[in-house]
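S.K.: Right, I'll just put the structure down here and ask away after.
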Amino acid sequence: MRLHRLEIEGFGPFLARQIVDFDAFADDGIFLIAGRTGAGKSSILDAVCFALYGSVPRYEGGDKRLRSDHCEPDDRSEVVVEFSTGAGRYRVTRSPEYLRPAKRGGGLTKQNSAVQLDAFIDGGWVTLAAKEKRVADELDGIVQLSREQFLQVILLAQNRFARFLLADSKERQALLRRLFGTERFEDVQARFDERRRASENALAGASARVDARIDEAERVVTDGELWGDAGTAPESVATAERIEALRAALGRAEYRVERRTAERDDAEKALQKAESALTAVREDRAAQQERDRARDALAQLDAEQPAIDEARRALDRARAAEALRATIAAASRAESARDAAVVAESAARAAWDATGAELDEVSAETLEAWAAERTRESGAWARAAELEGGRTALRAEIEGAEIVVEAATARVAEGDEQRTALPERLAELTAQRDRARRSADRTDDLARALASAGARRDAAAEAARIIGELESADRELAEASTVLAEAQTALAQLRRRRLDGFAGELATALVAGEPCSVCGSTEHPAPAVHTDPVSAEDVERAERERDAAQTAERAAQTRSAELTSRLSAAVAIADGLGVDAAESEVAAAGDAHEAAVAAGAELAALDEQIAQATAATSALAQEREDAAAALAAAREALALLAQREQDAATQIADARGAFETVAERIAHVGGQASAARTLASALTERARIEQEFAEAKSEQDSALTASDFDDATAARTAMRSAAEQEALDARIQAHRVQCEKERALLLPLEMRTLPEETIDLAPAEHAAADARSAWKTATDAAGRVEAMTDQLRRLIDSAASEHARSAEQQADHEVLRGLADTVAGRAGNTHKMSLETFVLAAELEEIVDAANRRLSDMSTGRYQLQHSDALASRGAASGLGIVVFDAFTGQTRPAQSLSGGETFLSSLALALGLAEVVTARAGGIQLDTLFIDEGFGSLDADTLEVAMRTLDELRSGGRTVGVISHVESMQEQIPAQVVVEQTPAGPSRIR
């Protein structure tokens, strides 16, 4: 893989588009990325990694501030990388997520991240993918390196350079796992462990079930006292022996069941005998009580016999009198009717005499004829009487008609007045509507003006607030810059003192007779004096203080730039207005907008009023016609009613005669006719009833003569109602039936010769109760023993079968546990190496071999890296250790014991070896571009020369190597350079 071109815009410290042409350094083979600390040298590598993978290693655990803080809201953020592989030439364009001004409504909105992959085909760029998932899939096949592999073989990023060398086995395993993708071995281990745990759980569950059932069975045996001679449960014996002991106890329980069953059967027989005896005694006692009751009942019935005989005689006379009831009742009714007819005739004759009418002969026929003649005369006056009765109503109708005429006349006049006033009202409403419409048409414009004024007011308030924050931020930035300058000066002084004191520090370690670690001489004639000791810890502490000050200064600078950008945006939105002026503008715009809204609301009401007025004009014309027609109809109705009143007066005068009213004349004549008819009817009815009375009297006398009664009074005295007769008969029959019943019951009881004294039930009841108690006790005992025996048998059978199955599971589990422990590095694995660690150890051996091919030259044959599988302390996992073999001492030592320069050379050799192995595992891809971002400033001149010689060797085969450093000696040795510098305005630029 070879990088050709990089374009950066609005990313990291870069604002304007910056271009890096990597092809320009192809002839040199090595180039330097130089610049002051914090200028943005490492951001070039960040941009390459972001373009290819969408992330930056430096921001893995913190805020992903990819967009430049120098960007204005409208500025773009974009990174473009051109590269080529054996498959062709490609270009990736990627933008991070950031906030930009909204196109509508003001404010900011989120600009989503974007990416596009192009391929150079037939002389032009062709888009292959434009979605993040699709681009990632395409790049996987093109680059053939994961992000972790890319950072280990192409971008040797800052703070990751020596991590692989100095890491412990656990951290090194995590890194190698990501590089070589050995998670599948961990999955294999996890699956074996899961199967082992499942087997353990199943086996433990089976064992627990066996123990639980045996424990429960032993508890049952103990509670039932079935241990026999042992007395207690067996202690600390095998499961099989415990089961056998329980089986012996089960035999004793079964014998006890047989005994308790026999006892229960005997008790049941005794209970049956006692209950039979109790039943017989109870039957005799009940018969004795029934005999005594029957005797008493018969004595009572004998005492009631005279009354029953008297009731029988009364019933016989009532039945004889009942045959005369109809005849006597008919004669009585005829006599009453005759008396009533005589009274009615007298009253009717008195009423007829009161009428003053006179007839030559008063008989029923003459009275009926006279009444009919009077009725015919009064019929001719009926119409006149109706007219006379409706005179008041007719007068009211005439008055109502007059009122209707007056109302119709008024309605016609009112309609004429309204039709005259409507045109003037319609013109006034039309003028008001036109004025409201002109005001309402400006509502949208005034609303936009109000929104703009509100935005300017908010922006003016925001600008006023930011000014105060910016002053504070500028003070904090000045203070942070001063602290950073002081820390950098102190660090430079300590480093100079450290370098000056190296000779004295080495001299303190010299021992007479032992070779010098520098020159190898065993004589030390003039060792230097260490007068100004500065330790590496002092330098490191100063570097940490410098870094902390640098971080604080960068944060203050970022805060100040952010506030400046926000202030500029707020001032631009406020259009230069102050807070007071903006508030006044908002108030005026609000009043205007409210007036327009009110006019819009009023417009609808005015339109409705105009429509109503227009409709009213047409309605009034129609109402004028309807009112005129109603007036004519009312006048016609009034004339008809007046004519009806005049005709009715003429008919009434003719029918009234000498009486005050027609109704009075009709009532007088009707009274005479009614009295005549009443008297005629009374005469006829009396004659008929006299005849019926004579016939009924004759029939009664004949019936009494033929009966046992002397007269009608005696017969009435003997009569009884049907209910009374039924009651007498029922009393007689009930007495007879009860006597027969009691005699039938008493006869067999008297034959049993029962004792006269009361029979005592207590002895038999006590004997039956004792027998039942004994039976219940025997039954409960037998039931408990049977239940205990059944429970014990089930528990023993279940425990035995479960124990047999668990033995088979135990054998399978031992095989599975041994295999899982071996794969996971447990049990007999003395190095505690898991399967994944074993595979990674093989990879690490190849990496170390590749690294030693360069480290041997770098260290002039003194150092070699060795893979160590030594057992780690405190039981930690082993197998991925790296130690350093020192040829001068012939011993190995930890990598942490190397000096700074030695650590750098070893880390570089290990990183290059790792790159070779990872590249081979990725399919042997060609790495034509390599970047190293590491602190070369910590190297002395000799070590730096060795490092430069190694980097120079990397150029072989057309490879281009980019080195990031601010060391001046490297700037002198590497003429091809990319210089990153910070402009006075803040953003960085590349030249």
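Here, A, B, ... name the chains of the structure tokens in the order displayed, residue numbers run from 1 inside each chain, and ligands are numbered from 1 in the same displayed order.
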Leaving out region 986-990 of chain A and any residue of its chain fewer than 3 positions from it, which residues lie within 9 Å of it when counting only C-alpha atoms, given as a list in words?
M.R.: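 That gives Gly12, Pro13, Phe14, Leu15, Ala16, Arg17, Gln18, Ile19, Val20, Ala39, Gly40, Ser68, Asp69, His70, Ala561, Val978, Val979, Val980, Glu981, Gln982 and Thr983 of chain A.
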S.K.: Could you state the separation of CA of Arg656 (chain A) and CA of Gly390 (chain A) in Å, given to one decimal place?
M.R.: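 Pair CA of Arg656 (chain A) / CA of Gly390 (chain A) returns 15.3 Å.
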S.K.: Taking 4 positions as the minimum chain separation for residues in the same chain, which residues sit within 12 Å of Glu345 (chain A) when counting only C-alpha atoms? Answer as a list in words.
M.R.: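 The neighbour list is Arg338, Asp339, Ala340, Ala341, Arg349, Ala350, Ala351, Trp352, Ala364, Ala675, Ala676, Arg677, Thr678, Leu679, Ala680, Ser681, Ala682, Leu683, Thr684, Glu685, Arg686 and Ala687 of chain A.
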S.K.: Write the residues you've just listed into a file as a short mmCIF file (atom, residue, chain, number, x, y, z; two decimals), in the first residue's frame, and include C-alpha atoms for each of them.
M.R.:
data_model
loop_
_atom_site.label_atom_id
_atom_site.label_comp_id
_atom_site.auth_asym_id
_atom_site.auth_seq_id
_atom_site.Cartn_x
_atom_site.Cartn_y
_atom_site.Cartn_z
CA ARG A 338 -142.35 -5.20 45.18
CA ASP A 339 -141.75 -2.75 48.04
CA ALA A 340 -139.14 -0.86 45.95
CA ALA A 341 -141.53 -0.61 42.96
CA ARG A 349 -145.97 10.51 40.22
CA ALA A 350 -144.87 13.36 42.51
CA ALA A 351 -142.29 14.52 39.90
CA TRP A 352 -144.94 14.45 37.14
CA ALA A 364 -148.15 4.43 30.72
CA ALA A 675 -140.91 13.12 34.14
CA ALA A 676 -143.58 11.64 31.86
CA ARG A 677 -141.32 8.82 30.73
CA THR A 678 -140.20 8.10 34.34
CA LEU A 679 -143.82 7.78 35.58
CA ALA A 680 -144.77 5.54 32.62
CA SER A 681 -141.84 3.26 33.36
CA ALA A 682 -142.68 3.09 37.10
CA LEU A 683 -146.28 2.10 36.40
CA THR A 684 -145.23 -0.68 34.05
CA GLU A 685 -142.49 -2.03 36.45
CA ARG A 686 -144.81 -2.19 39.50
CA ALA A 687 -147.37 -4.30 37.62
#
S.K.: Give me the residues of region 728-813 of chain A that have any atom at most 9 Å from an atom of region 187-199 of chain A; for each, the nearest atom pair and the distance in Å, rounded to one decimal. Use only C-alpha atoms, sort by chain and number, and format it as JSON lines.
M.R.:
{"residue": "A:Gln809", "atom": "CA", "partner": "A:Ser199", "partner_atom": "CA", "distance": 8.0}
{"residue": "A:Gln810", "atom": "CA", "partner": "A:Ser199", "partner_atom": "CA", "distance": 8.8}
{"residue": "A:Asp812", "atom": "CA", "partner": "A:Ser199", "partner_atom": "CA", "distance": 8.6}
{"residue": "A:His813", "atom": "CA", "partner": "A:Ser199", "partner_atom": "CA", "distance": 6.0}
S.K.: Compile the contact shell of region 257-260 of chain A as a VMD selection string: residues with an atom at most 10 Å away, counting only C-alpha atoms, same-chain residues fewer than 6 positions apart removed.
M.R.: chain A and resid 251 778 to 789
S.K.: Using C-alpha atoms, can you write the selected residues to a file as a PDB file, in the first residue's frame?
M.R.:
ATOM      1  CA  GLY A 251     -38.040 -54.241  55.613  1.00  0.00           C
ATOM      2  CA  ALA A 778     -55.716 -48.289  64.969  1.00  0.00           C
ATOM      3  CA  THR A 779     -56.660 -46.827  61.557  1.00  0.00           C
ATOM      4  CA  ASP A 780     -54.506 -43.705  62.078  1.00  0.00           C
ATOM      5  CA  ALA A 781     -51.564 -45.821  63.199  1.00  0.00           C
ATOM      6  CA  ALA A 782     -51.906 -48.150  60.202  1.00  0.00           C
ATOM      7  CA  GLY A 783     -52.266 -45.183  57.801  1.00  0.00           C
ATOM      8  CA  ARG A 784     -49.182 -43.441  59.190  1.00  0.00           C
ATOM      9  CA  VAL A 785     -47.102 -46.588  58.935  1.00  0.00           C
ATOM     10  CA  GLU A 786     -48.324 -47.281  55.370  1.00  0.00           C
ATOM     11  CA  ALA A 787     -47.656 -43.679  54.276  1.00  0.00           C
ATOM     12  CA  MET A 788     -44.225 -43.725  55.900  1.00  0.00           C
ATOM     13  CA  THR A 789     -43.399 -47.050  54.226  1.00  0.00           C
TER      14      THR A 789
END
S.K.: Need to verify the contact set: Ala774 (chain A), 12 Å, only C-alpha atoms, exclusion of same-chain residues closer than 2 positions in sequence. Can you return it as number ranges by chain?
M.R.: A: 263-272, 274, 767-772, 776-781
S.K.: Using the selection just defined, write its residues with N, CA and C atoms as a PDB file, in the first residue's frame.
M.R.:
ATOM      1  N   GLU A 263     -54.125 -55.111  63.574  1.00  0.00           N
ATOM      2  CA  GLU A 263     -54.748 -54.400  64.693  1.00  0.00           C
ATOM      3  C   GLU A 263     -55.936 -53.564  64.207  1.00  0.00           C
ATOM      4  N   ARG A 264     -55.817 -52.946  63.067  1.00  0.00           N
ATOM      5  CA  ARG A 264     -56.926 -52.142  62.531  1.00  0.00           C
ATOM      6  C   ARG A 264     -58.118 -53.025  62.183  1.00  0.00           C
ATOM      7  N   ASP A 265     -57.898 -54.217  61.607  1.00  0.00           N
ATOM      8  CA  ASP A 265     -59.005 -55.126  61.267  1.00  0.00           C
ATOM      9  C   ASP A 265     -59.736 -55.587  62.525  1.00  0.00           C
ATOM     10  N   ASP A 266     -59.003 -55.933  63.603  1.00  0.00           N
ATOM     11  CA  ASP A 266     -59.643 -56.354  64.854  1.00  0.00           C
ATOM     12  C   ASP A 266     -60.489 -55.232  65.444  1.00  0.00           C
ATOM     13  N   ALA A 267     -59.961 -54.036  65.438  1.00  0.00           N
ATOM     14  CA  ALA A 267     -60.710 -52.904  65.981  1.00  0.00           C
ATOM     15  C   ALA A 267     -61.970 -52.642  65.174  1.00  0.00           C
ATOM     16  N   GLU A 268     -61.891 -52.844  63.857  1.00  0.00           N
ATOM     17  CA  GLU A 268     -63.062 -52.619  63.005  1.00  0.00           C
ATOM     18  C   GLU A 268     -64.168 -53.629  63.334  1.00  0.00           C
ATOM     19  N   LYS A 269     -63.840 -54.904  63.587  1.00  0.00           N
ATOM     20  CA  LYS A 269     -64.843 -55.911  63.950  1.00  0.00           C
ATOM     21  C   LYS A 269     -65.508 -55.567  65.286  1.00  0.00           C
ATOM     22  N   ALA A 270     -64.710 -55.158  66.265  1.00  0.00           N
ATOM     23  CA  ALA A 270     -65.271 -54.784  67.565  1.00  0.00           C
ATOM     24  C   ALA A 270     -66.205 -53.589  67.422  1.00  0.00           C
ATOM     25  N   LEU A 271     -65.864 -52.648  66.566  1.00  0.00           N
ATOM     26  CA  LEU A 271     -66.706 -51.476  66.338  1.00  0.00           C
ATOM     27  C   LEU A 271     -68.042 -51.874  65.729  1.00  0.00           C
ATOM     28  N   GLN A 272     -68.026 -52.770  64.759  1.00  0.00           N
ATOM     29  CA  GLN A 272     -69.277 -53.217  64.138  1.00  0.00           C
ATOM     30  C   GLN A 272     -70.207 -53.883  65.168  1.00  0.00           C
ATOM     31  N   ALA A 274     -70.312 -53.405  68.517  1.00  0.00           N
ATOM     32  CA  ALA A 274     -70.820 -52.399  69.457  1.00  0.00           C
ATOM     33  C   ALA A 274     -71.887 -51.549  68.817  1.00  0.00           C
ATOM     34  N   ALA A 767     -70.154 -47.911  75.140  1.00  0.00           N
ATOM     35  CA  ALA A 767     -69.418 -49.042  74.562  1.00  0.00           C
ATOM     36  C   ALA A 767     -69.116 -48.784  73.093  1.00  0.00           C
ATOM     37  N   ALA A 768     -70.101 -48.211  72.340  1.00  0.00           N
ATOM     38  CA  ALA A 768     -69.865 -47.917  70.913  1.00  0.00           C
ATOM     39  C   ALA A 768     -68.814 -46.827  70.738  1.00  0.00           C
ATOM     40  N   ALA A 769     -68.828 -45.789  71.595  1.00  0.00           N
ATOM     41  CA  ALA A 769     -67.836 -44.706  71.503  1.00  0.00           C
ATOM     42  C   ALA A 769     -66.435 -45.233  71.768  1.00  0.00           C
ATOM     43  N   ASP A 770     -66.310 -46.104  72.783  1.00  0.00           N
ATOM     44  CA  ASP A 770     -64.977 -46.669  73.070  1.00  0.00           C
ATOM     45  C   ASP A 770     -64.476 -47.508  71.894  1.00  0.00           C
ATOM     46  N   ALA A 771     -65.400 -48.286  71.280  1.00  0.00           N
ATOM     47  CA  ALA A 771     -64.985 -49.115  70.139  1.00  0.00           C
ATOM     48  C   ALA A 771     -64.567 -48.251  68.960  1.00  0.00           C
ATOM     49  N   ARG A 772     -65.302 -47.141  68.698  1.00  0.00           N
ATOM     50  CA  ARG A 772     -64.937 -46.237  67.575  1.00  0.00           C
ATOM     51  C   ARG A 772     -63.604 -45.550  67.831  1.00  0.00           C
ATOM     52  N   LYS A 776     -60.431 -45.769  65.361  1.00  0.00           N
ATOM     53  CA  LYS A 776     -59.752 -44.604  64.782  1.00  0.00           C
ATOM     54  C   LYS A 776     -58.267 -44.621  65.093  1.00  0.00           C
ATOM     55  N   THR A 777     -57.937 -44.962  66.353  1.00  0.00           N
ATOM     56  CA  THR A 777     -56.529 -45.005  66.737  1.00  0.00           C
ATOM     57  C   THR A 777     -55.776 -46.038  65.912  1.00  0.00           C
ATOM     58  N   ALA A 778     -56.374 -47.237  65.755  1.00  0.00           N
ATOM     59  CA  ALA A 778     -55.716 -48.289  64.969  1.00  0.00           C
ATOM     60  C   ALA A 778     -55.605 -47.894  63.501  1.00  0.00           C
ATOM     61  N   THR A 779     -56.683 -47.251  62.971  1.00  0.00           N
ATOM     62  CA  THR A 779     -56.660 -46.827  61.557  1.00  0.00           C
ATOM     63  C   THR A 779     -55.595 -45.764  61.312  1.00  0.00           C
ATOM     64  N   ASP A 780     -55.526 -44.745  62.221  1.00  0.00           N
ATOM     65  CA  ASP A 780     -54.506 -43.705  62.078  1.00  0.00           C
ATOM     66  C   ASP A 780     -53.110 -44.298  62.134  1.00  0.00           C
ATOM     67  N   ALA A 781     -52.889 -45.206  63.067  1.00  0.00           N
ATOM     68  CA  ALA A 781     -51.564 -45.821  63.199  1.00  0.00           C
ATOM     69  C   ALA A 781     -51.207 -46.599  61.942  1.00  0.00           C
TER      70      ALA A 781
END
S.K.: Have a look at CA of Ala649 (chain A) and CA of Gly671 (chain A) and let me know their distance in Å, one decimal.
M.R.: 25.9 Å
S.K.: At a cut-off of 12 Å, using only C-alpha atoms, what residues contact Ser521 (chain A)? Leave out same-chain residues fewer than 5 positions from it and give the result as a list in words.
M.R.: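 Contacts, in chain order: Leu510, Val511, Ala512, Gly513, Glu514, Pro515 and Cys516 of chain A.
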S.K.: Give me the residues within 10 Å of Glu602 (chain A) as an MDAnalysis selection string, counting only C-alpha atoms and dropping any in the same chain fewer than 5 places off.
M.R.: chainID A and resid 432:433 436:437 440 596:597 607:608
S.K.: Write the residues of the selection above to a file with N, CA and C atoms, as a PDB file, in the first residue's frame.
M.R.:
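Produced file out06.pdb, reproduced below:
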ATOM      1  N   GLN A 432     -65.427  49.247   6.142  1.00  0.00           N
ATOM      2  CA  GLN A 432     -64.668  48.667   7.262  1.00  0.00           C
ATOM      3  C   GLN A 432     -63.917  47.406   6.834  1.00  0.00           C
ATOM      4  N   ARG A 433     -64.551  46.547   6.018  1.00  0.00           N
ATOM      5  CA  ARG A 433     -63.888  45.313   5.568  1.00  0.00           C
ATOM      6  C   ARG A 433     -62.664  45.627   4.723  1.00  0.00           C
ATOM      7  N   ALA A 436     -59.775  46.584   7.039  1.00  0.00           N
ATOM      8  CA  ALA A 436     -59.236  45.415   7.761  1.00  0.00           C
ATOM      9  C   ALA A 436     -58.448  44.499   6.842  1.00  0.00           C
ATOM     10  N   ARG A 437     -58.868  44.335   5.593  1.00  0.00           N
ATOM     11  CA  ARG A 437     -58.159  43.444   4.666  1.00  0.00           C
ATOM     12  C   ARG A 437     -56.769  43.982   4.353  1.00  0.00           C
ATOM     13  N   ALA A 440     -54.663  43.116   7.397  1.00  0.00           N
ATOM     14  CA  ALA A 440     -54.428  41.675   7.600  1.00  0.00           C
ATOM     15  C   ALA A 440     -53.473  41.104   6.562  1.00  0.00           C
ATOM     16  N   ALA A 596     -52.164  43.441  13.128  1.00  0.00           N
ATOM     17  CA  ALA A 596     -52.497  42.735  11.879  1.00  0.00           C
ATOM     18  C   ALA A 596     -53.298  41.470  12.167  1.00  0.00           C
ATOM     19  N   VAL A 597     -52.904  40.732  13.218  1.00  0.00           N
ATOM     20  CA  VAL A 597     -53.648  39.512  13.578  1.00  0.00           C
ATOM     21  C   VAL A 597     -55.079  39.873  13.978  1.00  0.00           C
ATOM     22  N   ASP A 607     -66.923  40.188   6.958  1.00  0.00           N
ATOM     23  CA  ASP A 607     -67.450  39.453   5.788  1.00  0.00           C
ATOM     24  C   ASP A 607     -68.791  38.800   6.134  1.00  0.00           C
ATOM     25  N   GLU A 608     -68.865  38.235   7.329  1.00  0.00           N
ATOM     26  CA  GLU A 608     -70.105  37.591   7.746  1.00  0.00           C
ATOM     27  C   GLU A 608     -71.239  38.602   7.869  1.00  0.00           C
TER      28      GLU A 608
END
S.K.: Name the residues of region 98-326 of chain A that come out as strand (DSSP E) in a backbone DSSP run; write them as a count of residues only.
M.R.: 24
S.K.: Nearest to Gly825 (chain A) among A:Gln725, A:Gly879, A:Met970, A:Ile964, with distances taken over only C-alpha atoms: which residue is it?
M.R.: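 For Gly825 (chain A), the nearest of the given residues is A:Gly879.
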